[in-house]
>>> print(open('entry.txt').read())   # compact mmCIF, C-alpha atoms
# COMPACT_ATOMS: atom_id res chain seq x y z
CA MET A 26 0.00 0.00 0.00
CA SER A 27 1.27 3.52 -0.74
CA THR A 28 1.87 6.11 1.98
CA THR A 29 -1.52 7.64 1.14
CA TRP A 30 -4.94 6.02 0.85
CA PRO A 31 -6.89 6.14 -2.44
CA ASP A 32 -9.11 8.62 -0.62
CA GLY A 33 -6.51 10.89 0.93
CA ASN A 34 -8.93 12.08 3.61
CA PRO A 35 -11.04 9.02 4.50
CA GLN A 36 -13.69 8.77 7.17
CA ILE A 37 -11.88 7.18 10.09
CA ALA A 38 -14.40 7.44 12.91
CA GLU A 39 -17.79 8.60 14.11
CA GLY A 40 -17.84 11.32 16.70
CA TRP A 41 -19.67 14.35 18.04
CA GLN A 42 -19.90 17.79 16.46
CA ARG A 43 -18.92 20.71 18.67
CA GLY A 44 -20.00 24.31 18.35
CA ASP A 45 -16.53 25.54 17.38
CA GLY A 46 -16.40 23.21 14.36
CA ARG A 47 -14.21 20.53 15.93
CA LYS A 48 -15.36 16.95 16.40
CA GLY A 49 -14.84 14.72 19.43
CA LEU A 50 -14.03 11.02 19.45
CA ARG A 51 -15.51 10.81 22.94
CA ASN A 52 -18.57 12.44 24.48
CA HIS A 53 -17.36 12.60 28.07
CA VAL A 54 -19.50 14.02 30.83
CA VAL A 55 -16.86 15.42 33.17
CA ALA A 56 -16.88 16.34 36.85
CA PHE A 57 -14.02 18.85 36.94
CA SER A 58 -12.54 20.35 40.11
CA THR A 59 -10.72 23.62 39.46
CA VAL A 60 -9.00 23.78 42.86
CA ALA A 61 -7.63 21.04 45.11
CA LEU A 62 -9.96 22.13 47.92
CA ALA A 63 -12.89 20.80 45.89
CA ASP A 64 -11.27 17.60 44.60
CA ALA A 65 -12.66 15.22 47.22
CA VAL A 66 -16.29 16.30 46.92
CA THR A 67 -16.03 16.27 43.11
CA ARG A 68 -14.80 12.66 43.17
CA ARG A 69 -17.55 11.73 45.62
CA ALA A 70 -20.25 13.18 43.37
CA ALA A 71 -18.80 11.56 40.24
CA ALA A 72 -18.69 8.16 41.94
CA GLU A 73 -22.51 8.28 42.14
CA VAL A 74 -22.87 8.47 38.34
CA PRO A 75 -20.99 5.66 36.54
CA GLU A 76 -21.01 7.40 33.14
CA VAL A 77 -19.03 10.36 34.48
CA LEU A 78 -15.30 11.05 34.14
CA ALA A 79 -13.86 12.64 37.30
CA LEU A 80 -11.04 15.11 36.66
CA THR A 81 -9.37 16.36 39.85
CA PRO A 82 -5.90 17.71 38.96
CA GLN A 83 -5.01 19.26 42.36
CA PHE A 84 -4.95 22.78 40.95
CA GLU A 85 -3.52 25.37 43.35
CA ARG A 86 -4.32 28.82 44.59
CA GLY A 87 -1.62 31.47 44.82
CA LEU A 88 -0.09 30.89 41.40
CA ARG A 89 1.59 33.89 39.82
CA GLY A 90 2.56 35.21 36.43
CA ALA A 91 2.79 32.68 33.62
CA ASP A 92 1.81 29.80 35.92
CA ALA A 93 -1.48 31.47 36.83
CA ALA A 94 -2.18 32.16 33.15
CA VAL A 95 -1.42 28.57 32.13
CA GLN A 96 -3.71 27.15 34.82
CA ALA A 97 -6.54 29.54 33.89
CA ARG A 98 -6.15 28.61 30.23
CA ALA A 99 -6.11 24.91 31.16
CA ILE A 100 -9.48 25.28 32.88
CA ARG A 101 -10.96 26.84 29.75
CA ASP A 102 -9.35 24.24 27.51
CA VAL A 103 -10.75 21.32 29.52
CA VAL A 104 -14.27 22.73 29.20
CA HIS A 105 -13.83 23.38 25.47
CA HIS A 106 -12.06 20.09 24.70
CA PRO A 107 -13.66 18.36 21.69
CA ASN A 108 -13.99 15.08 23.63
CA VAL A 109 -16.13 16.76 26.33
CA GLY A 110 -19.88 16.63 25.78
CA ALA A 111 -20.99 18.24 29.06
CA ILE A 112 -19.22 19.31 32.22
CA LEU A 113 -19.73 20.16 35.88
CA VAL A 114 -17.11 22.72 36.96
CA VAL A 115 -16.52 22.82 40.72
CA THR A 116 -14.68 25.51 42.65
CA HIS A 117 -14.37 26.38 46.32
CA ASP A 118 -15.38 29.94 47.13
CA ARG A 119 -18.57 31.80 46.29
CA ALA A 120 -16.86 34.51 44.24
CA ALA A 121 -15.24 32.20 41.69
CA PRO A 122 -18.34 30.93 39.81
CA GLU A 123 -19.23 34.34 38.38
CA GLY A 124 -15.80 34.74 36.79
CA LEU A 125 -15.77 31.13 35.62
CA ARG A 126 -19.19 31.43 34.00
CA ALA A 127 -17.99 34.47 32.07
CA ALA A 128 -14.75 32.77 31.03
CA LEU A 129 -16.58 29.62 29.94
CA SER A 130 -19.39 31.29 28.02
CA GLY A 131 -19.78 30.09 24.48
CA ALA A 132 -18.55 26.58 25.27
CA GLY A 133 -21.17 25.13 22.95
CA ARG A 134 -22.08 22.32 25.35
CA PRO A 135 -23.92 22.06 28.69
CA VAL A 136 -21.83 23.59 31.51
CA THR A 137 -22.81 23.82 35.19
CA VAL A 138 -20.63 25.73 37.67
CA ARG A 139 -20.84 25.07 41.40
CA ALA A 140 -19.04 26.46 44.46
CA LEU A 141 -18.49 24.12 47.39
CA MET A 142 -19.07 26.92 49.92
CA ASP A 143 -22.60 27.50 48.63
CA PHE A 144 -23.72 24.24 50.24
CA ALA A 145 -24.72 23.18 53.75
CA GLY A 146 -22.13 20.48 54.23
CA VAL A 147 -20.32 17.91 52.12
CA GLU A 148 -23.33 15.60 51.89
CA ASP A 149 -25.52 18.39 50.50
CA ALA A 150 -22.81 19.37 48.00
CA ALA A 151 -22.18 15.83 46.80
CA ALA A 152 -25.88 15.03 46.43
CA THR A 153 -26.62 18.21 44.47
CA MET A 154 -23.59 17.74 42.23
CA ALA A 155 -24.53 14.13 41.55
CA ALA A 156 -27.98 15.34 40.49
CA ASP A 157 -26.29 17.89 38.23
CA LEU A 158 -24.23 15.13 36.65
CA ARG A 159 -27.24 12.91 35.99
CA ARG A 160 -28.90 15.82 34.23
CA LEU A 161 -25.74 16.55 32.22
CA VAL A 162 -25.52 12.91 31.10
CA ALA A 163 -28.98 13.27 29.55
CA GLU A 164 -28.18 16.68 28.06
CA ALA A 165 -24.96 15.41 26.46
CA GLU A 166 -26.77 12.84 24.33
CA ALA A 167 -26.40 13.69 20.65
CA PRO A 168 -26.29 11.87 17.31
CA ARG A 169 -22.87 10.84 16.04
CA VAL A 170 -21.41 12.33 12.88
CA PRO A 171 -18.67 11.14 10.48
CA VAL A 172 -15.09 12.16 11.36
CA ARG A 173 -12.55 12.30 8.56
CA LEU A 174 -8.83 11.83 9.04
CA GLY A 175 -8.07 15.48 8.30
CA GLU A 176 -10.39 16.61 11.12
CA LEU A 177 -8.18 15.04 13.78
CA THR A 178 -5.52 16.51 16.01
CA VAL A 179 -3.31 13.62 17.17
CA ALA A 180 -0.78 13.74 20.01
CA LEU A 181 2.51 11.89 19.48
CA GLU A 182 4.22 10.38 22.52
CA CYS A 183 6.87 7.82 23.36
CA GLY A 184 7.96 6.27 26.64
CA GLY A 185 9.86 3.27 27.94
CA SER A 186 12.03 3.66 24.86
CA ASP A 187 14.41 0.92 23.74
CA ALA A 188 16.01 -0.19 20.48
CA SER A 189 12.71 -1.58 19.18
CA SER A 190 11.12 1.88 19.61
CA ALA A 191 13.48 3.30 17.01
CA VAL A 192 12.79 0.64 14.38
CA CYS A 193 9.15 -0.28 15.08
CA ALA A 194 6.73 1.89 17.04
CA ASN A 195 8.13 5.37 16.37
CA PRO A 196 8.63 4.93 12.58
CA ALA A 197 5.15 3.37 12.31
CA ILE A 198 3.72 6.49 13.93
CA GLY A 199 5.82 8.64 11.60
CA ARG A 200 4.35 6.96 8.54
CA PHE A 201 0.83 7.47 9.88
CA VAL A 202 1.63 11.13 10.62
CA ASP A 203 2.65 11.70 6.99
CA ARG A 204 -0.83 10.50 5.95
CA LEU A 205 -2.54 12.59 8.62
CA ILE A 206 -0.76 15.78 7.55
CA ALA A 207 -1.38 15.06 3.86
CA ALA A 208 -5.10 14.78 4.69
CA GLY A 209 -5.12 18.21 6.33
CA GLY A 210 -4.92 17.06 9.95
CA ARG A 211 -2.83 18.26 12.86
CA ALA A 212 -0.16 16.41 14.85
CA ILE A 213 1.55 17.59 18.03
CA VAL A 214 4.88 16.26 19.28
CA SER A 215 6.33 17.36 22.62
CA GLU A 216 8.98 16.62 25.29
CA THR A 217 11.59 19.31 24.58
CA ALA A 218 14.48 17.46 26.23
CA GLU A 219 13.99 14.50 23.93
CA PHE A 220 14.82 16.63 20.89
CA LEU A 221 18.29 17.46 22.23
CA GLY A 222 20.72 15.98 19.75
CA GLY A 223 18.14 16.23 16.98
CA GLU A 224 18.82 19.86 16.13
CA GLU A 225 19.75 19.07 12.54
CA VAL A 226 16.45 17.23 12.06
CA VAL A 227 14.63 20.33 13.32
CA ARG A 228 16.51 22.54 10.86
CA ARG A 229 15.88 20.18 7.98
CA GLN A 230 12.21 19.55 8.77
CA SER A 231 10.89 23.02 9.52
CA ALA A 232 8.74 24.95 7.08
CA SER A 233 10.87 28.08 7.53
CA PRO A 234 14.12 29.16 9.23
CA GLU A 235 12.04 31.19 11.69
CA ILE A 236 10.11 28.12 12.81
CA ALA A 237 13.35 26.16 13.21
CA GLU A 238 14.85 28.94 15.31
CA ALA A 239 11.81 29.08 17.59
CA ILE A 240 12.07 25.34 18.29
CA LEU A 241 15.86 25.47 18.65
CA ALA A 242 15.49 28.29 21.18
CA CYS A 243 13.38 25.94 23.33
CA LEU A 244 16.08 23.26 23.07
CA ALA A 245 18.83 25.74 23.98
CA ARG A 246 16.87 26.88 27.04
CA GLU A 247 16.39 23.26 28.09
CA GLU A 248 20.11 22.61 27.78
CA ARG A 249 20.89 25.69 29.90
CA LEU A 250 18.47 24.51 32.58
CA MET A 251 20.10 21.09 32.62
CA ALA A 252 23.54 22.64 33.04
CA GLU A 253 22.37 24.90 35.89
CA THR A 254 21.48 21.97 38.13
CA GLY A 255 25.01 20.57 38.12
CA GLU A 256 23.39 17.13 37.88
CA ASP A 257 24.37 14.40 35.45
CA PHE A 258 21.27 14.40 33.25
CA ARG A 259 22.16 10.96 31.92
CA GLY A 260 20.74 9.50 35.12
CA VAL A 261 17.39 11.20 34.52
CA ASN A 262 16.95 11.01 30.76
CA PRO A 263 17.56 8.41 29.42
CA THR A 264 15.75 7.00 32.42
CA ARG A 265 17.00 3.88 34.18
CA GLU A 266 14.55 1.69 32.28
CA ASN A 267 15.80 3.20 28.98
CA ILE A 268 19.39 2.39 29.94
CA GLU A 269 18.52 -1.13 31.06
CA ALA A 270 16.74 -1.61 27.71
CA GLY A 271 19.93 -0.78 25.82
CA LEU A 272 19.95 2.97 25.18
CA THR A 273 23.15 4.74 26.21
CA THR A 274 22.82 8.47 25.48
CA LEU A 275 20.14 11.13 25.24
CA THR A 276 21.05 11.69 21.57
CA GLU A 277 20.56 8.00 20.84
CA LYS A 278 17.16 8.17 22.48
CA THR A 279 16.36 11.36 20.57
CA MET A 280 17.05 9.90 17.15
CA GLY A 281 14.54 7.16 17.81
CA ALA A 282 11.98 9.59 19.26
CA VAL A 283 12.11 12.06 16.37
CA SER A 284 11.15 9.36 13.89
CA LYS A 285 7.57 9.85 15.18
CA ILE A 286 7.32 12.96 13.00
CA GLY A 287 7.86 11.08 9.75
CA ARG A 288 8.87 13.25 6.81
CA SER A 289 6.59 16.15 7.66
CA ASP A 290 7.85 19.68 8.25
CA PHE A 291 7.14 21.58 11.45
CA ALA A 292 4.45 24.22 10.96
CA GLY A 293 5.27 26.02 14.19
CA CYS A 294 6.20 25.98 17.88
CA LEU A 295 3.59 25.93 20.64
CA ALA A 296 3.68 26.77 24.33
CA PHE A 297 2.41 24.18 26.83
CA GLY A 298 -1.28 23.51 26.17
CA GLU A 299 -1.52 25.87 23.19
CA ARG A 300 -3.84 24.84 20.36
CA PRO A 301 -2.37 24.47 16.85
CA PRO A 302 -3.85 27.37 14.85
CA SER A 303 -3.71 25.58 11.50
CA PRO A 304 -3.15 22.11 10.00
CA GLY A 305 0.31 20.55 10.06
CA LEU A 306 2.95 19.15 12.40
CA TRP A 307 3.50 21.21 15.55
CA PHE A 308 6.21 21.14 18.22
CA MET A 309 5.01 21.77 21.79
CA ASP A 310 7.46 22.92 24.47
CA THR A 311 6.82 20.61 27.45
CA PRO A 312 8.67 18.75 30.21
CA PHE A 313 9.78 15.22 29.31
CA PHE A 314 7.61 13.44 31.91
CA SER A 315 5.05 11.64 29.73
CA PRO A 316 1.91 12.36 31.85
CA THR A 317 2.79 16.06 31.70
CA SER A 318 3.53 16.14 27.98
CA LEU A 319 0.34 14.18 27.25
CA SER A 320 -1.56 16.73 29.34
CA GLY A 321 -0.13 19.59 27.31
CA MET A 322 -1.13 18.00 24.02
CA ALA A 323 -4.62 17.14 25.31
CA LEU A 324 -5.11 20.75 26.40
CA GLY A 325 -3.96 21.69 22.90
CA GLY A 326 -7.05 19.94 21.58
CA ALA A 327 -5.76 16.50 20.61
CA GLN A 328 -8.67 14.05 20.31
CA ALA A 329 -6.38 10.98 20.52
CA ALA A 330 -2.75 10.05 21.16
CA LEU A 331 -0.40 7.54 19.57
CA PHE A 332 2.05 6.34 22.23
CA ALA A 333 5.15 4.40 21.14
CA MET A 334 6.86 2.21 23.70
CA GLY A 335 9.57 -0.41 24.03
CA VAL A 336 9.34 -1.46 27.67
CA PHE A 337 5.91 -0.81 29.16
CA ASN A 338 4.90 2.67 30.28
CA PRO A 339 1.65 3.12 32.27
CA SER A 340 0.98 6.73 31.24
CA GLY A 341 -2.39 7.79 29.88
CA GLN A 342 -4.60 10.86 29.59
CA PRO A 343 -8.23 10.92 30.74
CA LEU A 344 -9.42 13.49 28.18
CA MET A 345 -8.35 11.49 25.13
CA PRO A 346 -7.92 7.84 24.18
CA VAL A 347 -4.24 6.87 24.16
CA LEU A 348 -3.31 4.02 21.81
CA LYS A 349 -0.18 2.20 22.95
CA ILE A 350 2.00 0.85 20.15
CA CYS A 351 4.85 -1.60 20.67
CA GLY A 352 7.32 -3.68 18.69
CA ASN A 353 9.17 -5.35 21.56
CA PRO A 354 8.09 -9.04 21.65
CA GLN A 355 8.91 -9.40 25.36
CA THR A 356 6.80 -6.38 26.30
CA LEU A 357 3.97 -7.58 24.09
CA LYS A 358 4.01 -10.92 25.90
CA ARG A 359 4.31 -9.60 29.45
CA TRP A 360 1.89 -6.67 29.02
CA ALA A 361 -0.51 -8.14 26.46
CA GLY A 362 -3.54 -6.56 28.13
CA SER A 363 -2.00 -3.10 28.03
CA ILE A 364 -0.87 -2.73 24.40
CA ASP A 365 -3.26 -1.70 21.63
CA VAL A 366 -1.17 -2.21 18.48
CA ASP A 367 1.51 -4.83 17.82
CA VAL A 368 4.07 -3.71 15.22
CA SER A 369 6.69 -6.33 16.10
CA PRO A 370 6.62 -7.87 12.56
CA LEU A 371 8.68 -4.84 11.56
CA LEU A 372 11.58 -6.46 13.44
CA THR A 373 11.53 -9.57 11.27
CA GLY A 374 10.74 -7.87 7.99
CA ASP A 375 7.32 -9.52 7.81
CA MET A 376 5.64 -6.11 7.69
CA GLY A 377 6.56 -2.78 6.12
CA LEU A 378 5.91 0.72 7.45
CA ASP A 379 2.87 1.22 5.24
CA ALA A 380 1.26 -1.92 6.67
CA ALA A 381 2.20 -0.78 10.18
CA ALA A 382 0.55 2.60 9.54
CA ASP A 383 -2.52 0.68 8.34
CA ARG A 384 -2.62 -1.11 11.71
CA LEU A 385 -2.55 2.22 13.51
CA ALA A 386 -5.36 3.58 11.33
CA GLU A 387 -7.45 0.46 11.91
CA ALA A 388 -6.92 0.71 15.68
CA LEU A 389 -7.86 4.38 15.63
CA ALA A 390 -10.97 3.54 13.62
CA ARG A 391 -11.98 0.97 16.27
CA VAL A 392 -11.53 3.60 18.96
CA GLY A 393 -13.55 6.02 16.86
CA ALA A 394 -16.32 3.44 16.70
CA GLY A 395 -16.43 3.30 20.52
CA ALA A 396 -13.88 0.66 21.52
CA LEU A 397 -11.93 1.53 24.65
CA THR A 398 -8.14 1.66 24.58
CA CYS A 399 -6.24 -0.42 27.10
CA SER A 400 -5.33 2.79 28.91
CA GLU A 401 -9.00 3.78 29.17
CA ARG A 402 -9.96 0.35 30.51
CA HIS A 403 -7.25 0.57 33.18
CA GLY A 404 -8.12 4.16 34.12
CA GLU A 405 -4.58 5.40 33.47
CA GLY A 406 -3.60 9.03 33.33
CA GLN A 407 -3.75 12.38 35.06
CA LEU A 408 -4.00 16.03 34.10
CA ILE A 409 -0.70 17.64 35.13
CA VAL A 410 0.11 21.30 34.48
CA PRO A 411 3.76 22.20 35.19
CA ARG A 412 4.64 25.01 37.57
CA THR A 413 7.73 27.20 37.15
CA ILE A 414 7.35 29.91 39.84
CA PRO A 415 6.93 29.28 43.58
CA ALA A 416 3.32 29.86 44.66
CA LEU A 417 2.45 32.48 47.28
>>> encode(input="entry.txt", output="structure tokens")
Amino acid sequence: MSTTWPDGNPQIAEGWQRGDGRKGLRNHVVAFSTVALADAVTRRAAAEVPEVLALTPQFERGLRGADAAVQARAIRDVVHHPNVGAILVVTHDRAAPEGLRAALSGAGRPVTVRALMDFAGVEDAAATMAADLRRLVAEAEAPRVPVRLGELTVALECGGSDASSAVCANPAIGRFVDRLIAAGGRAIVSETAEFLGGEEVVRRQSASPEIAEAILACLAREERLMAETGEDFRGVNPTRENIEAGLTTLTEKTMGAVSKIGRSDFAGCLAFGERPPSPGLWFMDTPFFSPTSLSGMALGGAQAALFAMGVFNPSGQPLMPVLKICGNPQTLKRWAGSIDVDVSPLLTGDMGLDAAADRLAEALARVGAGALTCSERHGEGQLIVPRTIPAL
């Protein structure tokens, strides 16, 4: 099969139309706590309604500057995420709901905002919020619509990297990404530290010198930060499991990781959680910890993630289905119930990259038809927003 389908922008799923024109692969009803003080009662209310996804990211008060802005934007982005069909937004104090309602206006889906301090005790709060959630489940019901490949934003991730990652899972994702971009879709790749050593790839695969320089500036800043600690970064990235799996240097790990981008050129450089403004391949500046980088790409509007791994990595992301892709036969045997796509025939030459990309497309189509990923079944993943400035 060629690197493109006969129909270059095929229907790949059925999803839900959102008011801003995007389409979701999930129709989550979310119970979302916007401050750690309300996390426990939000989880308690969500537990009463099995269809509900509880999202309690331990958000803080007292954030300043860029950190405060990122957290505020994250709250808006969760509510507006294409995979969210309706949402209960919970805060602590009585003053917050008015500002939140204004910030969340125009979400194009049912939104209820509650303040914990408006209630007469935890039991009253939990019971009322559970009633809200039951109502939102009914209000979120909507007919499904076709989703074409070019309407997707896909997050690209790797973790537990080993030698098989560089010759199986990552290149398979790269071949799929070439098809996605050709169809008019968006792809986001992150983890700034894991591009160190791949500077020449960035220069070669950027749509303009200005885009390359923006990405390279992120890499240079990361390298300065690493040097400031006085710590041997080799003990942190590659991680111990990477080293035990056979990788020896960060550059070696990088050259496997960058194969996720295929032959596509970078269309631009994004801040953490920023949404790609146009189709194409986008670099997002994030920490290398996979739950954090997945969070950034989900907040950037990704409806699904393709996660390459060698040894098993338990990361996930509650807002979007994460498909785990592996070519390591030992991992596939030991973690059979946790891997979505087997691309190990690439090791033996029994499958080419086009066929591997077909497997990824078929798996994504199953997810788009309603099948749960292994990560969704196991309840893996968190929403983590990095902090750079000490809170007050």
>>> closest_residue(input="entry.txt", among="A:Ala63, A:Ala333, A:Met251, A:Ala208", to="Asn195 in chain A", atoms="only C-alpha atoms")
A:Ala333
>>> residues_around(input="entry.txt", residues="range 79-92 of chain A", least_positions_apart="2", cutoff="9 Å", atoms="all atoms listed in the file", output="VMD selection string")
chain A and resid 54 to 65 67 to 68 70 to 72 77 94 to 97 343 to 344 407 to 417
>>> atom_distance(input="entry.txt", atom1="CA of Ala382 in chain A", atom2="CA of Ser190 in chain A")
14.6 Å
>>> atom_distance(input="entry.txt", atom1="CA of Arg169 in chain A", atom2="CA of Leu78 in chain A")
19.6 Å
>>> atom_distance(input="entry.txt", atom1="CA of Glu299 in chain A", atom2="CA of Pro107 in chain A")
14.4 Å
>>> closest_residue(input="entry.txt", among="A:Glu253, A:Glu247, A:Asp367, A:Glu76", to="Ala155 in chain A", atoms="only C-alpha atoms")
A:Glu76
>>> residues_near_point(input="entry.txt", point="(-2.2, -0.3, 22.7)", cutoff="7 Å", atoms="all atoms listed in the file", output="number ranges by chain")
A: 348-350, 363-366, 398-399
>>> residues_near_point(input="entry.txt", point="(5.5, 29.4, 17.2)", cutoff="10 Å", atoms="only C-alpha atoms", output="JSON list (two decimals) with C-alpha atoms, in the frame of the given file")
[["chain", "number", "residue", "atom", "x", "y", "z"],
["A", 235, "GLU", "CA", 12.04, 31.19, 11.69],
["A", 236, "ILE", "CA", 10.11, 28.12, 12.81],
["A", 237, "ALA", "CA", 13.35, 26.16, 13.21],
["A", 238, "GLU", "CA", 14.85, 28.94, 15.31],
["A", 239, "ALA", "CA", 11.81, 29.08, 17.59],
["A", 240, "ILE", "CA", 12.07, 25.34, 18.29],
["A", 291, "PHE", "CA", 7.14, 21.58, 11.45],
["A", 292, "ALA", "CA", 4.45, 24.22, 10.96],
["A", 293, "GLY", "CA", 5.27, 26.02, 14.19],
["A", 294, "CYS", "CA", 6.20, 25.98, 17.88],
["A", 295, "LEU", "CA", 3.59, 25.93, 20.64],
["A", 296, "ALA", "CA", 3.68, 26.77, 24.33],
["A", 299, "GLU", "CA", -1.52, 25.87, 23.19],
["A", 301, "PRO", "CA", -2.37, 24.47, 16.85],
["A", 302, "PRO", "CA", -3.85, 27.37, 14.85],
["A", 307, "TRP", "CA", 3.50, 21.21, 15.55],
["A", 308, "PHE", "CA", 6.21, 21.14, 18.22],
["A", 309, "MET", "CA", 5.01, 21.77, 21.79],
["A", 310, "ASP", "CA", 7.46, 22.92, 24.47]]
>>> closest_residue(input="entry.txt", among="A:Thr373, A:Gln36, A:Asn52, A:Ser231", to="Gln328 in chain A", atoms="all atoms listed in the file")
A:Asn52
>>> axis_aligned_box(input="entry.txt", around="range 344-363 of chain A", padding_each_side="4 Å", output="JSON")
{"center_x": -0.1, "center_y": 1.3, "center_z": 24.1, "size_x": 26.6, "size_y": 32.4, "size_z": 18.8}
>>> residues_around(input="entry.txt", residues="Ser289 in chain A", least_positions_apart="5", cutoff="12 Å", atoms="all atoms listed in the file", output="PyMOL selection string")
chain A and resi 198-207+209-214+226-227+229-232+283-284+304-308
>>> residues_around(input="entry.txt", residues="Leu250 in chain A", least_positions_apart="4", cutoff="12 Å", atoms="only C-alpha atoms", output="list in words")
Thr217, Ala218, Cys243, Leu244, Ala245, Arg246, Thr254, Gly255, Glu256, Phe258, Pro312 and Thr413 of chain A
>>> residues_around(input="entry.txt", residues="Asn34 in chain A", least_positions_apart="4", cutoff="7 Å", atoms="only C-alpha atoms", output="list in words")
Arg173, Leu174, Gly175 and Ala208 of chain A
>>> decode(input="entry.txt", residues="range 56-111 of chain A", atoms="C-alpha atoms", output="CSV table (one decimal), in the first residue's frame")
chain,number,residue,atom,x,y,z
A,56,ALA,CA,-16.9,16.3,36.9
A,57,PHE,CA,-14.0,18.8,36.9
A,58,SER,CA,-12.5,20.4,40.1
A,59,THR,CA,-10.7,23.6,39.5
A,60,VAL,CA,-9.0,23.8,42.9
A,61,ALA,CA,-7.6,21.0,45.1
A,62,LEU,CA,-10.0,22.1,47.9
A,63,ALA,CA,-12.9,20.8,45.9
A,64,ASP,CA,-11.3,17.6,44.6
A,65,ALA,CA,-12.7,15.2,47.2
A,66,VAL,CA,-16.3,16.3,46.9
A,67,THR,CA,-16.0,16.3,43.1
A,68,ARG,CA,-14.8,12.7,43.2
A,69,ARG,CA,-17.6,11.7,45.6
A,70,ALA,CA,-20.3,13.2,43.4
A,71,ALA,CA,-18.8,11.6,40.2
A,72,ALA,CA,-18.7,8.2,41.9
A,73,GLU,CA,-22.5,8.3,42.1
A,74,VAL,CA,-22.9,8.5,38.3
A,75,PRO,CA,-21.0,5.7,36.5
A,76,GLU,CA,-21.0,7.4,33.1
A,77,VAL,CA,-19.0,10.4,34.5
A,78,LEU,CA,-15.3,11.0,34.1
A,79,ALA,CA,-13.9,12.6,37.3
A,80,LEU,CA,-11.0,15.1,36.7
A,81,THR,CA,-9.4,16.4,39.9
A,82,PRO,CA,-5.9,17.7,39.0
A,83,GLN,CA,-5.0,19.3,42.4
A,84,PHE,CA,-4.9,22.8,41.0
A,85,GLU,CA,-3.5,25.4,43.4
A,86,ARG,CA,-4.3,28.8,44.6
A,87,GLY,CA,-1.6,31.5,44.8
A,88,LEU,CA,-0.1,30.9,41.4
A,89,ARG,CA,1.6,33.9,39.8
A,90,GLY,CA,2.6,35.2,36.4
A,91,ALA,CA,2.8,32.7,33.6
A,92,ASP,CA,1.8,29.8,35.9
A,93,ALA,CA,-1.5,31.5,36.8
A,94,ALA,CA,-2.2,32.2,33.2
A,95,VAL,CA,-1.4,28.6,32.1
A,96,GLN,CA,-3.7,27.1,34.8
A,97,ALA,CA,-6.5,29.5,33.9
A,98,ARG,CA,-6.2,28.6,30.2
A,99,ALA,CA,-6.1,24.9,31.2
A,100,ILE,CA,-9.5,25.3,32.9
A,101,ARG,CA,-11.0,26.8,29.8
A,102,ASP,CA,-9.3,24.2,27.5
A,103,VAL,CA,-10.8,21.3,29.5
A,104,VAL,CA,-14.3,22.7,29.2
A,105,HIS,CA,-13.8,23.4,25.5
A,106,HIS,CA,-12.1,20.1,24.7
A,107,PRO,CA,-13.7,18.4,21.7
A,108,ASN,CA,-14.0,15.1,23.6
A,109,VAL,CA,-16.1,16.8,26.3
A,110,GLY,CA,-19.9,16.6,25.8
A,111,ALA,CA,-21.0,18.2,29.1
